[in-house]
Structure formats: structure tokens, C-alpha cells
file work_18.pdb (PDB, C-alpha atoms and all ligand atoms)
ATOM      1  CA  MET A  17      12.749  58.774  87.472  1.00  0.00           C
ATOM      2  CA  ILE A  18      11.219  55.725  89.166  1.00  0.00           C
ATOM      3  CA  CYS A  19      12.753  52.280  88.670  1.00  0.00           C
ATOM      4  CA  PRO A  20      10.212  49.843  87.153  1.00  0.00           C
ATOM      5  CA  ARG A  21      11.604  46.932  89.147  1.00  0.00           C
ATOM      6  CA  CYS A  22      12.166  48.278  92.677  1.00  0.00           C
ATOM      7  CA  ARG A  23      10.397  51.677  92.510  1.00  0.00           C
ATOM      8  CA  SER A  24      13.447  53.490  93.831  1.00  0.00           C
ATOM      9  CA  THR A  25      13.725  57.119  92.802  1.00  0.00           C
ATOM     10  CA  GLU A  26      17.485  56.614  92.345  1.00  0.00           C
ATOM     11  CA  ALA A  27      17.109  55.699  88.656  1.00  0.00           C
ATOM     12  CA  GLY A  28      18.340  57.976  85.931  1.00  0.00           C
ATOM     13  CA  THR A  29      19.438  58.292  82.338  1.00  0.00           C
ATOM     14  CA  VAL A  30      22.912  56.921  81.648  1.00  0.00           C
ATOM     15  CA  ALA A  31      23.140  57.146  77.832  1.00  0.00           C
ATOM     16  CA  HIS A  32      21.446  58.667  74.813  1.00  0.00           C
ATOM     17  CA  SER A  33      21.003  57.267  71.288  1.00  0.00           C
ATOM     18  CA  PRO A  34      23.770  58.202  68.833  1.00  0.00           C
ATOM     19  CA  VAL A  35      21.093  59.937  66.771  1.00  0.00           C
ATOM     20  CA  ALA A  36      19.576  62.398  69.218  1.00  0.00           C
ATOM     21  CA  GLY A  37      16.020  61.861  70.385  1.00  0.00           C
ATOM     22  CA  HIS A  38      15.562  58.160  69.484  1.00  0.00           C
ATOM     23  CA  TRP A  39      16.068  56.498  72.855  1.00  0.00           C
ATOM     24  CA  THR A  40      17.667  56.811  76.252  1.00  0.00           C
ATOM     25  CA  MET A  41      19.279  54.113  78.384  1.00  0.00           C
ATOM     26  CA  ASN A  42      18.268  54.246  82.020  1.00  0.00           C
ATOM     27  CA  SER A  43      19.634  52.464  85.053  1.00  0.00           C
ATOM     28  CA  CYS A  44      18.758  52.070  88.725  1.00  0.00           C
ATOM     29  CA  SER A  45      21.606  52.330  91.238  1.00  0.00           C
ATOM     30  CA  VAL A  46      19.631  50.430  93.892  1.00  0.00           C
ATOM     31  CA  CYS A  47      18.778  47.149  92.090  1.00  0.00           C
ATOM     32  CA  TRP A  48      20.881  47.682  88.914  1.00  0.00           C
ATOM     33  CA  TYR A  49      17.956  47.139  86.584  1.00  0.00           C
ATOM     34  CA  ALA A  50      18.565  48.853  83.238  1.00  0.00           C
ATOM     35  CA  TRP A  51      16.148  49.603  80.429  1.00  0.00           C
ATOM     36  CA  ARG A  52      15.916  51.449  77.162  1.00  0.00           C
ATOM     37  CA  SER A  53      13.106  53.974  76.752  1.00  0.00           C
ATOM     38  CA  THR A  54      11.819  52.182  73.641  1.00  0.00           C
ATOM     39  CA  GLU A  55      11.154  48.861  75.421  1.00  0.00           C
ATOM     40  CA  PRO A  56       7.538  47.797  76.100  1.00  0.00           C
ATOM     41  CA  ALA A  57       5.641  49.146  79.114  1.00  0.00           C
ATOM     42  CA  THR A  58       6.212  45.843  80.920  1.00  0.00           C
ATOM     43  CA  ALA A  59       9.912  46.749  81.032  1.00  0.00           C
ATOM     44  CA  THR A  60       9.686  50.522  81.472  1.00  0.00           C
ATOM     45  CA  ASP A  61       6.507  51.404  83.408  1.00  0.00           C
ATOM     46  CA  PRO A  62       6.542  50.645  87.165  1.00  0.00           C
ATOM     47  CA  ASP A  63       2.790  49.963  87.110  1.00  0.00           C
ATOM     48  CA  ALA A  64       3.040  47.544  84.160  1.00  0.00           C
ATOM     49  CA  TYR A  65       6.233  45.792  85.296  1.00  0.00           C
ATOM     50  CA  PRO A  66       5.357  42.127  86.071  1.00  0.00           C
ATOM     51  CA  VAL A  67       4.540  41.670  89.742  1.00  0.00           C
ATOM     52  CA  GLU A  68       6.503  38.410  89.974  1.00  0.00           C
ATOM     53  CA  PHE A  69       9.742  40.181  88.964  1.00  0.00           C
ATOM     54  CA  ARG A  70       9.445  43.252  91.184  1.00  0.00           C
ATOM     55  CA  LEU A  71      11.919  43.738  94.032  1.00  0.00           C
ATOM     56  CA  THR A  72      11.420  45.407  97.389  1.00  0.00           C
ATOM     57  CA  ALA A  73      14.117  47.059  99.491  1.00  0.00           C
ATOM     58  CA  GLU A  74      13.939  44.008 101.771  1.00  0.00           C
ATOM     59  CA  ASP A  75      14.407  41.636  98.797  1.00  0.00           C
ATOM     60  CA  ILE A  76      17.601  43.499  97.910  1.00  0.00           C
ATOM     61  CA  THR A  77      19.079  43.583 101.426  1.00  0.00           C
ATOM     62  CA  THR A  78      18.272  39.911 102.104  1.00  0.00           C
ATOM     63  CA  ALA A  79      19.267  38.535  98.690  1.00  0.00           C
ATOM     64  CA  PRO A  80      21.638  35.555  98.884  1.00  0.00           C
ATOM     65  CA  ARG A  81      25.237  36.477  98.126  1.00  0.00           C
ATOM     66  CA  LEU A  82      27.855  34.306  96.517  1.00  0.00           C
ATOM     67  CA  VAL A  83      31.122  34.131  98.414  1.00  0.00           C
TER      68      VAL A  83
HETATM   69 ZN    ZN B 101      15.652  49.466  90.888  1.00  0.00          ZN
END
call {"tool": "encode", "arguments": {"input": "work_18.pdb", "output": "C-alpha cells", "more": "lines below"}}
Ligand SMILES: [Zn+2]
result
Amino acid sequence: MICPRCRSTEAGTVAHSPVAGHWTMNSCSVCWYAWRSTEPATATDPDAYPVEFRLTAEDITTAPRLV
């Protein structure tokens, strides 16, 4: 599974709907973006995810950190 925000292939399903088959919850272990399968394409599809909110590997490694 590809993360919509950073396009890592480290994303995967972390939970399923209580009633089977309705939705899945997915999460990316690189940028920690999380999304439900039933959200709009702009939140779930890497190609439709808004360009201004996308992250690159460099964005993640150079992000400011609070101390
Ligand atoms: Zn990600």
C-alpha cells in the first residue's frame, strides 16, 4: 500500500470496521499519516492527494523538531 502523503510503501492496514467489510484504517510508519478507506480520494489516493500537503523523504528528515 502506498501512502497518499509521502508515497512510502511502508503503509498498511491497522484496523478493520467492527462490521466486516465497511472500512479499513490505514497508517504510514514513515510520516504517520493515517486514513480511513472511506475518505475522499484527496485523502486516500496518492495521485489526488493535494500537492501542497505532500511530504518527501527530505521533508521528513529535515523537519524542525521541538526540544
Ligand atoms: Zn507517509
call {"tool": "resolve_selection", "arguments": {"input": "work_18.pdb", "expression": "the PyMOL selection byres (((not hetatm)) within 6 of (chain B and resi 101))", "output": "compact mmCIF listing (two decimals) with C-alpha atoms, in the coordinates of the input"}}
result
# COMPACT_ATOMS: atom_id res chain seq x y z
CA CYS A 19 12.75 52.28 88.67
CA ARG A 21 11.60 46.93 89.15
CA CYS A 22 12.17 48.28 92.68
CA ARG A 23 10.40 51.68 92.51
CA SER A 24 13.45 53.49 93.83
CA CYS A 44 18.76 52.07 88.72
CA VAL A 46 19.63 50.43 93.89
CA CYS A 47 18.78 47.15 92.09
CA TRP A 48 20.88 47.68 88.91
CA TYR A 49 17.96 47.14 86.58
call {"tool": "atom_distance", "arguments": {"input": "work_18.pdb", "atom1": "CA of Trp51 (chain A)", "atom2": "CA of Glu26 (chain A)"}}
result
13.9 Å
call {"tool": "atom_distance", "arguments": {"input": "work_18.pdb", "atom1": "CA of Ala57 (chain A)", "atom2": "CA of Thr29 (chain A)"}}
result
16.9 Å
call {"tool": "atom_distance", "arguments": {"input": "work_18.pdb", "atom1": "CA of Ala59 (chain A)", "atom2": "CA of Asn42 (chain A)"}}
result
11.3 Å
call {"tool": "resolve_selection", "arguments": {"input": "work_18.pdb", "expression": "the PyMOL selection byres (((chain A and resi 31) around 7) and not hetatm)", "output": "ChimeraX atom specification"}}
result
/A:29-30,32-33,40-41
call {"tool": "axis_aligned_box", "arguments": {"input": "work_18.pdb", "around": "region 64-74 of chain A", "padding_each_side": "3 Å", "output": "JSON"}}
result
{"center_x": 8.6, "center_y": 43.0, "center_z": 93.0, "size_x": 17.1, "size_y": 15.1, "size_z": 23.6}
call {"tool": "closest_residue", "arguments": {"input": "work_18.pdb", "among": "A:Ser53, A:Ser45, A:Thr58, A:Thr25", "to": "Arg70 (chain A)", "atoms": "all atoms listed in the file"}}
result
A:Thr58
call {"tool": "closest_residue", "arguments": {"input": "work_18.pdb", "among": "A:Val35, A:Leu82, A:Glu55, A:Pro20", "to": "Phe69 (chain A)", "atoms": "all atoms listed in the file"}}
result
A:Pro20
